[in-house]
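**Student:** Sending over model-v4.cif (mmCIF, C-alpha atoms and all ligand atoms).
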data_work
#
loop_
_atom_site.group_PDB
_atom_site.id
_atom_site.type_symbol
_atom_site.label_atom_id
_atom_site.label_comp_id
_atom_site.auth_asym_id
_atom_site.auth_seq_id
_atom_site.Cartn_x
_atom_site.Cartn_y
_atom_site.Cartn_z
ATOM 1 C CA ASP A 1 11.553 18.493 -0.661
ATOM 2 C CA VAL A 2 14.140 17.897 2.051
ATOM 3 C CA ASN A 3 12.673 20.555 4.371
ATOM 4 C CA VAL A 4 9.307 18.879 4.346
ATOM 5 C CA MET A 5 10.893 15.514 5.166
ATOM 6 C CA LYS A 6 12.745 17.168 8.053
ATOM 7 C CA ASP A 7 9.485 18.480 9.552
ATOM 8 C CA VAL A 8 7.604 15.224 8.988
ATOM 9 C CA THR A 9 10.424 13.254 10.640
ATOM 10 C CA LEU A 10 10.482 15.540 13.684
ATOM 11 C CA GLY A 11 6.688 15.372 13.910
ATOM 12 C CA PHE A 12 6.653 11.587 13.627
ATOM 13 C CA GLY A 13 9.563 11.406 16.082
ATOM 14 C CA GLN A 14 7.415 13.067 18.763
ATOM 15 C CA ALA A 15 5.873 9.658 19.422
ATOM 16 C CA LEU A 16 9.210 7.940 20.133
ATOM 17 C CA ASP A 17 9.161 8.501 23.899
ATOM 18 C CA LYS A 18 5.647 7.066 24.192
ATOM 19 C CA CYS A 19 6.687 3.998 22.241
ATOM 20 C CA ARG A 20 10.077 3.244 23.781
ATOM 21 C CA GLN A 21 8.823 1.106 26.657
ATOM 22 C CA GLU A 22 6.398 -1.086 24.780
ATOM 23 C CA SER A 23 8.906 -1.703 22.001
ATOM 24 C CA ASP A 24 12.015 -2.112 24.199
ATOM 25 C CA LEU A 25 13.893 0.391 22.059
ATOM 26 C CA THR A 26 16.632 1.574 24.416
ATOM 27 C CA GLU A 27 18.516 4.838 23.902
ATOM 28 C CA GLU A 28 21.545 2.757 23.074
ATOM 29 C CA LYS A 29 19.737 1.297 20.050
ATOM 30 C CA MET A 30 18.350 4.666 18.930
ATOM 31 C CA GLU A 31 18.995 7.888 20.810
ATOM 32 C CA GLU A 32 16.717 10.210 18.849
ATOM 33 C CA PHE A 33 14.452 9.420 15.958
ATOM 34 C CA PHE A 34 16.197 11.774 13.500
ATOM 35 C CA HIS A 35 19.293 9.509 13.609
ATOM 36 C CA PHE A 36 17.240 7.520 11.099
ATOM 37 C CA TRP A 37 18.764 9.767 8.409
ATOM 38 C CA ARG A 38 22.415 9.255 9.351
ATOM 39 C CA ASP A 39 24.473 7.761 6.521
ATOM 40 C CA ASP A 40 25.792 5.063 8.844
ATOM 41 C CA PHE A 41 22.519 4.253 10.601
ATOM 42 C CA LYS A 42 22.017 0.481 10.813
ATOM 43 C CA PHE A 43 18.603 -1.114 10.543
ATOM 44 C CA GLU A 44 19.374 -4.138 12.660
ATOM 45 C CA HIS A 45 17.207 -3.977 15.766
ATOM 46 C CA ARG A 46 13.776 -5.569 15.560
ATOM 47 C CA GLU A 47 12.816 -3.211 18.405
ATOM 48 C CA LEU A 48 13.064 -0.263 16.004
ATOM 49 C CA GLY A 49 10.496 -1.902 13.733
ATOM 50 C CA CYS A 50 8.227 -2.411 16.751
ATOM 51 C CA ALA A 51 8.728 1.239 17.762
ATOM 52 C CA ILE A 52 7.874 2.495 14.251
ATOM 53 C CA GLN A 53 4.764 0.305 14.323
ATOM 54 C CA CYS A 54 3.771 1.841 17.674
ATOM 55 C CA MET A 55 4.540 5.389 16.462
ATOM 56 C CA SER A 56 2.556 4.862 13.256
ATOM 57 C CA HIS A 57 -0.319 3.457 15.278
ATOM 58 C CA HIS A 58 -0.153 6.514 17.553
ATOM 59 C CA PHE A 59 -0.835 8.761 14.541
ATOM 60 C CA ASN A 60 -3.446 6.343 13.180
ATOM 61 C CA LEU A 61 -1.387 5.545 10.080
ATOM 62 C CA LEU A 62 -1.900 1.764 10.076
ATOM 63 C CA THR A 63 -4.615 -0.592 8.906
ATOM 64 C CA ASP A 64 -5.773 -3.602 10.949
ATOM 65 C CA SER A 65 -3.123 -5.721 9.226
ATOM 66 C CA SER A 66 -0.397 -3.214 10.240
ATOM 67 C CA ARG A 67 0.042 -1.909 6.708
ATOM 68 C CA MET A 68 0.124 1.801 5.847
ATOM 69 C CA HIS A 69 -3.298 3.464 5.836
ATOM 70 C CA HIS A 70 -2.943 5.457 2.604
ATOM 71 C CA ASP A 71 -5.472 8.249 3.241
ATOM 72 C CA ASN A 72 -4.450 8.871 6.841
ATOM 73 C CA THR A 73 -0.754 8.875 5.927
ATOM 74 C CA GLU A 74 -1.345 11.332 3.105
ATOM 75 C CA GLN A 75 -3.287 13.618 5.462
ATOM 76 C CA PHE A 76 -0.621 13.300 8.156
ATOM 77 C CA ILE A 77 2.100 14.450 5.747
ATOM 78 C CA GLN A 78 -0.138 17.221 4.406
ATOM 79 C CA SER A 79 -0.526 18.551 7.943
ATOM 80 C CA PHE A 80 3.093 19.820 7.817
ATOM 81 C CA PRO A 81 4.128 23.046 6.026
ATOM 82 C CA ASN A 82 4.243 22.332 2.260
ATOM 83 C CA GLY A 83 3.373 18.711 3.024
ATOM 84 C CA GLN A 84 1.162 18.542 -0.055
ATOM 85 C CA VAL A 85 4.266 18.608 -2.286
ATOM 86 C CA LEU A 86 5.489 15.296 -0.845
ATOM 87 C CA ALA A 87 2.427 13.477 0.479
ATOM 88 C CA ARG A 88 1.529 11.441 -2.611
ATOM 89 C CA GLN A 89 5.163 10.654 -3.401
ATOM 90 C CA MET A 90 5.845 9.445 0.166
ATOM 91 C CA VAL A 91 2.775 7.227 0.187
ATOM 92 C CA SER A 92 3.773 5.637 -3.100
ATOM 93 C CA LEU A 93 7.403 5.127 -2.009
ATOM 94 C CA ILE A 94 6.285 3.475 1.231
ATOM 95 C CA HIS A 95 3.748 1.326 -0.604
ATOM 96 C CA ALA A 96 6.345 0.141 -3.138
ATOM 97 C CA CYS A 97 8.549 -0.862 -0.190
ATOM 98 C CA GLU A 98 5.664 -2.649 1.534
ATOM 99 C CA LYS A 99 5.093 -4.754 -1.563
ATOM 100 C CA GLN A 100 8.738 -5.886 -1.505
ATOM 101 C CA PHE A 101 8.457 -7.238 2.028
ATOM 102 C CA ASP A 102 4.876 -8.439 2.119
ATOM 103 C CA HIS A 103 6.015 -12.042 2.679
ATOM 104 C CA GLU A 104 7.500 -11.142 6.080
ATOM 105 C CA GLU A 105 4.910 -12.199 8.631
ATOM 106 C CA ASP A 106 6.481 -10.593 11.672
ATOM 107 C CA HIS A 107 5.159 -7.018 11.779
ATOM 108 C CA CYS A 108 8.178 -5.573 13.577
ATOM 109 C CA TRP A 109 10.689 -7.081 11.135
ATOM 110 C CA ARG A 110 8.563 -6.197 8.126
ATOM 111 C CA ILE A 111 8.191 -2.580 9.197
ATOM 112 C CA LEU A 112 11.929 -2.357 9.898
ATOM 113 C CA HIS A 113 12.664 -3.547 6.334
ATOM 114 C CA VAL A 114 10.038 -1.176 4.906
ATOM 115 C CA ALA A 115 11.586 1.733 6.844
ATOM 116 C CA GLU A 116 15.081 0.981 5.531
ATOM 117 C CA CYS A 117 13.755 0.636 1.986
ATOM 118 C CA PHE A 118 11.855 3.931 2.396
ATOM 119 C CA LYS A 119 15.008 5.715 3.581
ATOM 120 C CA HIS A 120 16.983 4.479 0.565
ATOM 121 C CA ALA A 121 14.144 5.521 -1.753
ATOM 122 C CA CYS A 122 14.144 9.025 -0.230
ATOM 123 C CA VAL A 123 17.914 9.303 -0.722
ATOM 124 C CA ALA A 124 17.565 8.127 -4.326
ATOM 125 C CA HIS A 125 14.809 10.692 -4.964
ATOM 126 C CA GLY A 126 16.735 13.524 -3.308
ATOM 127 C CA VAL A 127 14.199 14.130 -0.540
ATOM 128 C CA ALA A 128 16.203 12.765 2.403
ATOM 129 C CA PRO A 129 17.131 15.529 4.866
ATOM 130 C CA SER A 130 20.792 15.937 5.818
ATOM 131 C CA MET A 131 21.949 15.226 9.356
ATOM 132 C CA GLU A 132 23.161 18.827 9.786
ATOM 133 C CA MET A 133 19.673 20.003 8.951
ATOM 134 C CA MET A 134 18.088 17.540 11.366
ATOM 135 C CA MET A 135 20.460 18.372 14.226
ATOM 136 C CA THR A 136 20.088 22.136 13.813
ATOM 137 C CA GLU A 137 16.310 21.962 13.883
ATOM 138 C CA PHE A 138 16.260 19.491 16.751
ATOM 139 C CA ILE A 139 18.481 21.764 18.875
ATOM 140 C CA MET A 140 16.427 24.842 17.951
ATOM 141 C CA GLU A 141 13.216 23.082 18.997
ATOM 142 C CA ALA A 142 14.721 22.061 22.329
ATOM 143 C CA GLU A 143 15.701 25.638 23.209
HETATM 144 O O1 LIG B 201 3.841 -1.617 6.301
HETATM 145 C C1 LIG B 201 3.920 -0.772 7.379
HETATM 146 C C2 LIG B 201 4.236 0.614 7.005
HETATM 147 C C3 LIG B 201 5.086 1.284 7.981
HETATM 148 C C4 LIG B 201 5.702 2.516 7.417
HETATM 149 C C5 LIG B 201 7.153 2.558 7.583
HETATM 150 C C6 LIG B 201 7.761 3.769 6.990
HETATM 151 C C7 LIG B 201 8.679 4.325 7.879
HETATM 152 C C8 LIG B 201 9.264 5.260 8.257
HETATM 153 C C9 LIG B 201 10.044 5.761 9.311
HETATM 154 C C10 LIG B 201 10.446 7.174 9.028
HETATM 155 C C11 LIG B 201 9.583 8.127 9.079
HETATM 156 C C12 LIG B 201 9.732 9.467 8.740
HETATM 157 C C13 LIG B 201 8.634 10.168 8.469
HETATM 158 C C14 LIG B 201 7.245 9.611 8.552
HETATM 159 C C15 LIG B 201 6.560 9.387 7.240
HETATM 160 C C16 LIG B 201 5.141 8.944 7.450
#
For this file, produce the structure as structure tokens.
**Tutor:**
Amino acid sequence: DVNVMKDVTLGFGQALDKCRQESDLTEEKMEEFFHFWRDDFKFEHRELGCAIQCMSHHFNLLTDSSRMHHDNTEQFIQSFPNGQVLARQMVSLIHACEKQFDHEEDHCWRILHVAECFKHACVAHGVAPSMEMMMTEFIMEAE
């Protein structure tokens, strides 16, 4: 559900700082990772795709060809409270998106398109967290 997605996003977002430099993702292009869920968030910067690649790699979620590693991704999601309720569904949503953009040879662009597709799929399936929820949790964690 949406609470699980909130926790997974914040967990995944922990790797943003480590990945900013190597991906050139400035704060102007993305301030915090949870902005991903804003209604008006634009998937236009290749750097974001590079950052998501780096973040995924950090958690060991990618194969050698920079595709999702299914087992590791399922385990990663299951490591969050109630993660087991979403893990399989997330993996299959991401995989369906990967198949749509498999022709894109540039990893950063492909991952950016997969991420946007994944966000829309989460919204369509009612598992996308709201921005209020993300902001509240983010502020609580910072305190
Ligand atoms: O083909 C490469 C696969 C890359 C996966 C891209 C999915 C992207 C998501 C960005 C948002 C993440 C929020 C939570 C993490 C779920 C694992």
**Student:** Identify, counting all atoms listed in the file, the protein, DNA and RNA residues located within 8 Å of ligand LIG 201 (chain B), and give them as a ChimeraX atom specification.
**Tutor:** /A:5,8-13,36,52-53,56,61-62,66-68,73,76-77,90-91,94-95,98,107,110-112,114-116,118-119
**Student:** Could you jot down the atom CA of Asp71 of chain A to atom CA of Cys97 of chain A separation for me, Å, one decimal place?
**Tutor:**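 Straight-line distance from atom CA of Asp71 of chain A to atom CA of Cys97 of chain A works out to 17.1 Å.
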**Student:** Please determine, counting all atoms listed in the file, which residue among A:Ala87, A:His113, A:Ser130, A:Cys54 has the shortest atom-to-atom distance to Lys18 of chain A.
**Tutor:**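 Using all atoms listed in the file, Lys18 of chain A sits closest to A:Cys54.
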**Student:** Tell me which of A:Met133, A:Ala51, A:Ala121, A:Val127 sits closest to Ser23 of chain A, counting all atoms listed in the file.
**Tutor:** A:Ala51
**Student:** How would you write, as a VMD selection string, the residues chosen by the PyMOL selection byres (((chain A and resi 38) around 12) and not hetatm) on this structure?
**Tutor:** chain A and resid 30 32 to 37 39 to 43 116 119 to 120 123 128 to 135
**Student:** Could you tell me how far atom CA of Glu104 of chain A lies from atom CA of His70 of chain A, in Å and to one decimal?
**Tutor:**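 Calculated distance between atom CA of Glu104 of chain A and atom CA of His70 of chain A is 19.9 Å.
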**Student:** Just how far from atom CA of Glu137 of chain A is atom CA of His69 of chain A, in Å to one decimal?
**Tutor:**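 Computing it gives 28.1 Å between the two atoms.
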**Student:** Box for segment 23-26 of chain A: with edges along x, y and z, all listed atoms inside and 8 Å added on each side, what are the centre and edge lengths in Å to one decimal, as JSON?
**Tutor:**
{"center_x": 12.8, "center_y": -0.3, "center_z": 23.2, "size_x": 23.7, "size_y": 19.7, "size_z": 18.4}
**Student:** Give as a list of chain:residue names the residues that the PyMOL selection byres (((chain A and resi 83) around 9) and not hetatm) matches when applied to the coordinates above.
**Tutor:**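 Checked against the file, the PyMOL selection byres (((chain A and resi 83) around 9) and not hetatm) matches A:Asp1, A:Val4, A:Met5, A:Asp7, A:Val8, A:Glu74, A:Gln75, A:Phe76, A:Ile77, A:Gln78, A:Ser79, A:Phe80, A:Pro81, A:Asn82, A:Gln84, A:Val85, A:Leu86, A:Ala87.
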**Student:** Could you write out as a ChimeraX atom specification the residues that the PyMOL selection byres (((chain A and resi 26) around 12) and not hetatm) matches in the shown file?
**Tutor:** /A:16-17,19-25,27-33,45-48,51
